[in-house]
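Worksheet for the structure shown next.
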Amino acid sequence: MAAVPRRCMAGLQIFRDWCASIQEKTGGELTFQPFGANDVVGDFQLYDAVKNGVLEAVNPFTIYAQGIIPAATFLTSIPLGLRQPAEFDTFYYGLGGIDIARELYAAQGMHFVGPVHHDANIIHSKVPIRSIDDFAGRKMRLPGGMVAEVFTELGAETTVLPGSEIFPALEKGTIDVADYVGPAVNYALGFSQVTDYIVMGPPGFMSLYQPVDIMDITVGQAAWDALSDQMKQFVEMETHVYSDMHYAAIQKADQEAWSKFEADGTEVTRLTQDDVDLMTEIAVPIWFDYANRDTDAARVFKIQLDYMQSGSLGYVDPSLTEGLELKL
């Protein structure tokens with residue numbers, strides 16, 4: 001069975017090690033042949049490759065599926081939404097998220113095995129950002145979608161750039177601020193050479209808008225059906241293992257990167273809980289707008305919203321959703 005991870009070299013090695021462990025644990029009965037991103041097809045051709053049998057399985061960022069499965073927008077982080085890996089595990093494995101994901105992927109001829117935790121997306125800046133008011137007027141690179149709409153509401157002049165263009169844009173001053181992935185990858189990309197600040201949330205809140213970037217293991221339906229029931233269960237449980245190992249290994253690399261940023265003179269600034277509350281107030285109607293574009297998206301979002309409004313989390317005050325309805 002073949003699968004494709006993302007292009008981050010740290011993540012690729014973790015993936016390769018996990019693939020090797022599958023062969024060892026099954027005595028060679030099941031093997032995963034790992035490829036790097038773009039070795040076979042580009043990121044946005046992954047699902048076509050699975051459907052066409054070019055690849056039997058993929059390890060993509062879940063957001064890549066939104067082109068064919070609009071609800072996938074809510075199968076990963078949304079700005080100011082679920083904020084810790086354990087909350088996504090609760091959503092998927094405790095509150096039925098994985099059942100909906102598998103239903104939607106099955107309609108596309110694929111099996112969603114399970115989520116894989118990646119890293120937070122953090123903000124690098126050429127100027128100090130000490131409150132959300134400081135985003136006003138700043139030229140800011142963002143991935144588009146809901147995240148861009150939140151920061152546009154804060155007054156930022158948002159633009160979409162591929163990752164390869166962020167460093168030169170910061171270097172030339174085309175942009176002042178840029179979001180990208182986590183500390184380890186961003187340090188390797190040289191962001192400390194062109195920015196002086198990293199903007200974080202309050203203590204314990206690594207990213208204001210995407211604290212956990214969700215990947216997954218997805219298998220073509222024919223390849224999945226060819227497995228025995230015992231092997232299916234094994235792969236599902238191993239995906240849990242991979243998610244834990246992957247997340248922990250990325251966090252270890254991040255800890256090493258933080259000391260390097262500090263040595264380079266980068267200052268970490270933290271926004272306050274008041275800033276988070278104000279951004280959440282901005283985000284809520286944007287969530288509803290996107291959820292109401294697709295019935296299945298609304299179904300997925302309703303589970304997360306109920307969880308965020310519950311006594312367990314309390315992220316969203318009920319007053320913020322008054323007058324807003326979901327088209328279920």
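Following the order of the structure tokens, chains are lettered A, B, ..., residues in each are numbered from 1, and ligands are numbered from 1.
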List every residue of stretch 75-215 of chain A that DSSP, applied to the backbone of this structure, assigns to helix (DSSP H, G or I), and report them as number ranges by chain.
-> A: 85-94, 97-106, 132-135, 145-153, 163-172, 183-188, 191-194
Which residues of stretch 208-291 of chain A sit at most 7 Å from stretch 119-125 of chain A, using only C-alpha atoms? Give each one's shortest atom pair and distance in Å (one decimal place), in chain and ascending residue order, as CSV.
residue,atom,partner,partner_atom,distance
A:Gln210,CA,A:Asn121,CA,5.5
A:Pro211,CA,A:Ala120,CA,4.3
A:Val212,CA,A:Ala120,CA,4.9
A:Asp213,CA,A:Asp119,CA,5.4
A:Tyr247,CA,A:Asp119,CA,6.8
A:Ile250,CA,A:Asp119,CA,6.8
Expected file: the selected residues, N, CA and C atoms, as a PDB file, in the first residue's frame:
ATOM      1  N   GLN A 210      -5.366  28.421  14.550  1.00  0.00           N
ATOM      2  CA  GLN A 210      -5.221  27.046  14.100  1.00  0.00           C
ATOM      3  C   GLN A 210      -4.248  26.312  15.017  1.00  0.00           C
ATOM      4  N   PRO A 211      -4.699  25.959  16.220  1.00  0.00           N
ATOM      5  CA  PRO A 211      -3.809  25.327  17.190  1.00  0.00           C
ATOM      6  C   PRO A 211      -3.420  23.900  16.846  1.00  0.00           C
ATOM      7  N   VAL A 212      -4.255  23.218  16.069  1.00  0.00           N
ATOM      8  CA  VAL A 212      -3.960  21.848  15.664  1.00  0.00           C
ATOM      9  C   VAL A 212      -4.306  21.705  14.180  1.00  0.00           C
ATOM     10  N   ASP A 213      -3.314  21.500  13.369  1.00  0.00           N
ATOM     11  CA  ASP A 213      -3.559  21.301  11.944  1.00  0.00           C
ATOM     12  C   ASP A 213      -3.762  19.803  11.726  1.00  0.00           C
ATOM     13  N   TYR A 247       2.568  13.935  16.466  1.00  0.00           N
ATOM     14  CA  TYR A 247       2.385  15.193  17.181  1.00  0.00           C
ATOM     15  C   TYR A 247       3.518  15.419  18.185  1.00  0.00           C
ATOM     16  N   ILE A 250       6.825  16.310  16.404  1.00  0.00           N
ATOM     17  CA  ILE A 250       6.820  17.679  15.888  1.00  0.00           C
ATOM     18  C   ILE A 250       7.002  18.670  17.041  1.00  0.00           C
TER      19      ILE A 250
END
So which residues touch A:Ser312 within 12 Å, counting only C-alpha atoms, skipping near sequence neighbours fewer than 4 positions away, as a ChimeraX atom specification?
-> /A:82,87,90,304-308,316
Okay, now the selection with N, CA and C atoms, as a short mmCIF file (atom, residue, chain, number, x, y, z; two decimals), in the first residue's frame?
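Okay, this is what ended up in result.cif:
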data_model
loop_
_atom_site.label_atom_id
_atom_site.label_comp_id
_atom_site.auth_asym_id
_atom_site.auth_seq_id
_atom_site.Cartn_x
_atom_site.Cartn_y
_atom_site.Cartn_z
N LEU A 82 -12.05 24.52 18.17
CA LEU A 82 -11.42 23.58 19.10
C LEU A 82 -9.93 23.89 19.19
N GLU A 87 -9.24 17.69 22.27
CA GLU A 87 -10.60 18.10 21.91
C GLU A 87 -10.99 17.55 20.54
N THR A 90 -11.80 13.94 21.05
CA THR A 90 -13.16 13.83 21.58
C THR A 90 -14.19 14.00 20.48
N GLN A 304 -19.36 20.33 16.95
CA GLN A 304 -18.29 21.11 17.55
C GLN A 304 -18.84 22.29 18.35
N LEU A 305 -19.86 22.94 17.81
CA LEU A 305 -20.43 24.10 18.50
C LEU A 305 -21.03 23.68 19.83
N ASP A 306 -21.78 22.59 19.85
CA ASP A 306 -22.37 22.11 21.10
C ASP A 306 -21.27 21.81 22.12
N TYR A 307 -20.18 21.22 21.65
CA TYR A 307 -19.05 20.91 22.54
C TYR A 307 -18.42 22.19 23.07
N MET A 308 -18.22 23.18 22.18
CA MET A 308 -17.59 24.44 22.60
C MET A 308 -18.48 25.24 23.55
N VAL A 316 -17.62 29.41 23.72
CA VAL A 316 -18.57 30.27 23.01
C VAL A 316 -19.75 30.60 23.90
#
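Proximity of A:Ala253, A:Ile166, A:Ala37, A:Val58 to A:Pro115, computed with only C-alpha atoms, is greatest for A:Val58.
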Taking only C-alpha atoms into account, produce a table as CSV in which each residue of stretch 251-277 of chain A with an atom at most 10 Å from an atom of stretch 191-207 of chain A appears once, together with its shortest atom pair and the distance in Å to one decimal, ordered by chain and rising number.
residue,atom,partner,partner_atom,distance
A:Lys260,CA,A:Ser192,CA,8.9
A:Phe261,CA,A:Ser192,CA,6.3
A:Glu262,CA,A:Ser192,CA,9.3
A:Ala263,CA,A:Ser192,CA,9.8
A:Asp264,CA,A:Ser192,CA,6.7
A:Gly265,CA,A:Asp196,CA,7.0
A:Thr266,CA,A:Asp196,CA,4.8
A:Glu267,CA,A:Tyr197,CA,4.8
A:Val268,CA,A:Ile198,CA,4.8
A:Thr269,CA,A:Val199,CA,5.1
A:Arg270,CA,A:Met200,CA,4.8
A:Leu271,CA,A:Gly201,CA,4.9
A:Thr272,CA,A:Pro202,CA,5.2
A:Gln273,CA,A:Pro202,CA,6.2
A:Asp274,CA,A:Pro202,CA,9.5
A:Asp275,CA,A:Gly201,CA,8.5
A:Val276,CA,A:Gly201,CA,7.5
Generate the output file for the selected residues, N, CA, C and O atoms, as a JSON list (two decimals), in the first residue's frame.
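Below you can see result05.json, which holds the result:
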[["chain", "number", "residue", "atom", "x", "y", "z"],
["A", 260, "LYS", "N", 16.43, 28.40, 19.30],
["A", 260, "LYS", "CA", 17.14, 29.01, 18.16],
["A", 260, "LYS", "C", 16.56, 30.38, 17.84],
["A", 260, "LYS", "O", 17.31, 31.31, 17.55],
["A", 261, "PHE", "N", 15.24, 30.50, 17.87],
["A", 261, "PHE", "CA", 14.62, 31.81, 17.66],
["A", 261, "PHE", "C", 15.11, 32.80, 18.73],
["A", 261, "PHE", "O", 15.43, 33.96, 18.43],
["A", 262, "GLU", "N", 15.16, 32.34, 19.97],
["A", 262, "GLU", "CA", 15.61, 33.21, 21.06],
["A", 262, "GLU", "C", 17.05, 33.66, 20.84],
["A", 262, "GLU", "O", 17.38, 34.84, 21.03],
["A", 263, "ALA", "N", 17.90, 32.73, 20.42],
["A", 263, "ALA", "CA", 19.30, 33.06, 20.17],
["A", 263, "ALA", "C", 19.44, 34.08, 19.03],
["A", 263, "ALA", "O", 20.38, 34.89, 19.02],
["A", 264, "ASP", "N", 18.49, 34.05, 18.10],
["A", 264, "ASP", "CA", 18.52, 34.99, 16.98],
["A", 264, "ASP", "C", 17.89, 36.33, 17.34],
["A", 264, "ASP", "O", 17.83, 37.24, 16.51],
["A", 265, "GLY", "N", 17.41, 36.45, 18.56],
["A", 265, "GLY", "CA", 16.84, 37.72, 19.00],
["A", 265, "GLY", "C", 15.36, 37.90, 18.74],
["A", 265, "GLY", "O", 14.83, 39.01, 18.89],
["A", 266, "THR", "N", 14.67, 36.84, 18.35],
["A", 266, "THR", "CA", 13.23, 36.93, 18.10],
["A", 266, "THR", "C", 12.47, 37.06, 19.42],
["A", 266, "THR", "O", 12.74, 36.34, 20.37],
["A", 267, "GLU", "N", 11.54, 37.99, 19.48],
["A", 267, "GLU", "CA", 10.73, 38.20, 20.68],
["A", 267, "GLU", "C", 9.35, 37.58, 20.49],
["A", 267, "GLU", "O", 8.71, 37.78, 19.45],
["A", 268, "VAL", "N", 8.90, 36.83, 21.48],
["A", 268, "VAL", "CA", 7.56, 36.26, 21.47],
["A", 268, "VAL", "C", 6.62, 37.22, 22.19],
["A", 268, "VAL", "O", 6.84, 37.58, 23.35],
["A", 269, "THR", "N", 5.60, 37.70, 21.49],
["A", 269, "THR", "CA", 4.58, 38.54, 22.12],
["A", 269, "THR", "C", 3.30, 37.72, 22.27],
["A", 269, "THR", "O", 3.00, 36.86, 21.43],
["A", 270, "ARG", "N", 2.58, 37.98, 23.34],
["A", 270, "ARG", "CA", 1.36, 37.21, 23.61],
["A", 270, "ARG", "C", 0.15, 38.13, 23.70],
["A", 270, "ARG", "O", 0.20, 39.15, 24.38],
["A", 271, "LEU", "N", -0.89, 37.75, 23.01],
["A", 271, "LEU", "CA", -2.15, 38.46, 23.13],
["A", 271, "LEU", "C", -2.85, 38.00, 24.42],
["A", 271, "LEU", "O", -2.42, 37.06, 25.07],
["A", 272, "THR", "N", -3.92, 38.67, 24.78],
["A", 272, "THR", "CA", -4.59, 38.40, 26.05],
["A", 272, "THR", "C", -5.88, 37.62, 25.84],
["A", 272, "THR", "O", -6.37, 37.46, 24.71],
["A", 273, "GLN", "N", -6.44, 37.16, 26.95],
["A", 273, "GLN", "CA", -7.73, 36.48, 26.87],
["A", 273, "GLN", "C", -8.80, 37.42, 26.35],
["A", 273, "GLN", "O", -9.71, 37.00, 25.64],
["A", 274, "ASP", "N", -8.70, 38.70, 26.67],
["A", 274, "ASP", "CA", -9.65, 39.68, 26.12],
["A", 274, "ASP", "C", -9.58, 39.71, 24.60],
["A", 274, "ASP", "O", -10.60, 39.81, 23.91],
["A", 275, "ASP", "N", -8.35, 39.64, 24.06],
["A", 275, "ASP", "CA", -8.18, 39.60, 22.61],
["A", 275, "ASP", "C", -8.84, 38.35, 22.03],
["A", 275, "ASP", "O", -9.50, 38.40, 20.98],
["A", 276, "VAL", "N", -8.65, 37.23, 22.70],
["A", 276, "VAL", "CA", -9.25, 35.97, 22.25],
["A", 276, "VAL", "C", -10.77, 36.08, 22.25],
["A", 276, "VAL", "O", -11.44, 35.64, 21.30]]
Got a sec: who's within 12 Å of stretch 175-178 of chain A, counting only C-alpha atoms, leaving out chain neighbours fewer than 4 positions off, as a PyMOL selection string?
-> chain A and resi 121-129+134-143+148+151+156-163+165-171+186+191+194-199
Strand (DSSP E) positions in stretch 177-328 of chain A, given as a PyMOL selection string = chain A and resi 177-180+197-200+214-220+267-270
Just how far from atom CA of A:His118 is atom CA of A:Tyr64, in Å to one decimal?
-> 14.3 Å
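Around A:Thr280, within 12 Å and counting only C-alpha atoms, the residues found are Ile78, Pro79, Leu80, Gly81, Leu82, Ile132, Val147, Val150, Phe151, Glu153, Leu154, Leu208, Tyr209, Gln273, Asp274, Asp275, Val276, Val284, Pro285, Ile286, Trp287, Met308, Gly314, Tyr315, Val316, Asp317, Ser319, Leu320 and Thr321 of chain A, once anything fewer than 4 positions away on its own chain is removed.
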Could you write out the selected residues, including C-alpha atoms, as a compact mmCIF listing (two decimals), in the first residue's frame?
# COMPACT_ATOMS: atom_id res chain seq x y z
CA ILE A 78 -11.38 26.61 12.21
CA PRO A 79 -10.26 29.98 13.61
CA LEU A 80 -10.94 30.17 17.37
CA GLY A 81 -12.59 26.74 17.29
CA LEU A 82 -11.42 23.58 19.10
CA ILE A 132 -5.48 42.63 18.09
CA VAL A 147 -8.96 32.80 8.79
CA VAL A 150 -11.38 37.11 10.71
CA PHE A 151 -8.20 39.13 10.23
CA GLU A 153 -12.44 42.19 10.18
CA LEU A 154 -9.55 43.25 12.43
CA LEU A 208 -5.12 31.99 17.97
CA TYR A 209 -6.70 30.45 14.93
CA GLN A 273 -7.73 36.48 26.87
CA ASP A 274 -9.65 39.68 26.12
CA ASP A 275 -8.18 39.60 22.61
CA VAL A 276 -9.25 35.97 22.25
CA VAL A 284 -18.78 33.04 15.30
CA PRO A 285 -20.91 34.51 12.46
CA ILE A 286 -18.18 33.54 9.98
CA TRP A 287 -18.41 29.94 11.22
CA MET A 308 -17.59 24.44 22.60
CA GLY A 314 -17.30 27.12 27.41
CA TYR A 315 -15.43 28.76 24.52
CA VAL A 316 -18.57 30.27 23.01
CA ASP A 317 -20.96 32.27 25.15
CA SER A 319 -25.20 35.17 23.59
CA LEU A 320 -22.80 35.04 20.59
CA THR A 321 -25.07 32.64 18.72
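Counting only C-alpha atoms and comparing A:Ile14, A:Val113, A:Val50, A:Leu328, the residue that lies closest to A:Ala291 is A:Leu328.
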Selection: 9 Å around A:Val235, only C-alpha atoms, excl. self and same-chain fewer than 4 positions, as a ChimeraX atom specification | /A:22,113,230-231,239-240
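Proximity to A:Ala298 was assessed for A:Gly96, A:Pro85, A:Gly114, A:Pro70 counting only C-alpha atoms; the smallest distance is recorded for A:Pro70.
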Got a sec: who's within 12 Å of A:Leu30, counting only C-alpha atoms, leaving out chain neighbours fewer than 2 positions off, as a list in words?
->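 The residues satisfying every condition are Met1, Ala2, Cys19, Ala20, Ser21, Ile22, Gln23, Glu24, Lys25, Thr26, Gly27, Gly28, Phe32, Gln33, Ala223, Trp224, Ala226, Leu227, Ser228, Gln230, Met231, Lys232, Phe234 and Val235 of chain A.
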Can those selected residues be exported to a file as a PDB file, in the first residue's frame so that it contains C-alpha atoms?
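Everything below was put into out33.pdb:
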ATOM      1  CA  MET A   1       0.000   0.000   0.000  1.00  0.00           C
ATOM      2  CA  ALA A   2       1.372   3.455  -0.908  1.00  0.00           C
ATOM      3  CA  CYS A  19       5.561   2.905   7.675  1.00  0.00           C
ATOM      4  CA  ALA A  20       8.572   0.705   8.467  1.00  0.00           C
ATOM      5  CA  SER A  21       6.983  -0.276  11.776  1.00  0.00           C
ATOM      6  CA  ILE A  22       3.840  -1.523   9.983  1.00  0.00           C
ATOM      7  CA  GLN A  23       5.822  -4.036   7.989  1.00  0.00           C
ATOM      8  CA  GLU A  24       7.651  -5.170  11.118  1.00  0.00           C
ATOM      9  CA  LYS A  25       4.511  -5.505  13.247  1.00  0.00           C
ATOM     10  CA  THR A  26       2.636  -7.518  10.603  1.00  0.00           C
ATOM     11  CA  GLY A  27       5.584  -9.703   9.652  1.00  0.00           C
ATOM     12  CA  GLY A  28       5.414  -8.310   6.127  1.00  0.00           C
ATOM     13  CA  PHE A  32       3.230   0.921   3.389  1.00  0.00           C
ATOM     14  CA  GLN A  33       5.516   2.332   0.723  1.00  0.00           C
ATOM     15  CA  ALA A 223      -7.640  -1.219  -1.170  1.00  0.00           C
ATOM     16  CA  TRP A 224      -9.479  -0.954   2.145  1.00  0.00           C
ATOM     17  CA  ALA A 226      -9.169  -5.981   0.320  1.00  0.00           C
ATOM     18  CA  LEU A 227      -7.992  -6.027   3.946  1.00  0.00           C
ATOM     19  CA  SER A 228      -9.296  -8.550   6.460  1.00  0.00           C
ATOM     20  CA  GLN A 230      -8.569  -7.895  11.695  1.00  0.00           C
ATOM     21  CA  MET A 231      -6.166  -5.923   9.512  1.00  0.00           C
ATOM     22  CA  LYS A 232      -8.640  -3.045   9.190  1.00  0.00           C
ATOM     23  CA  PHE A 234      -5.044  -2.977  13.182  1.00  0.00           C
ATOM     24  CA  VAL A 235      -4.648  -0.071  10.727  1.00  0.00           C
TER      25      VAL A 235
END
re atom CA of A:His246 and atom CA of A:Phe15: distance 7.7 Å
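Between A:Phe301 and the candidates A:Ser243, A:Ser131, A:Ser77, A:Ser164, the tightest atom-to-atom separation, counting only C-alpha atoms, involves A:Ser77.
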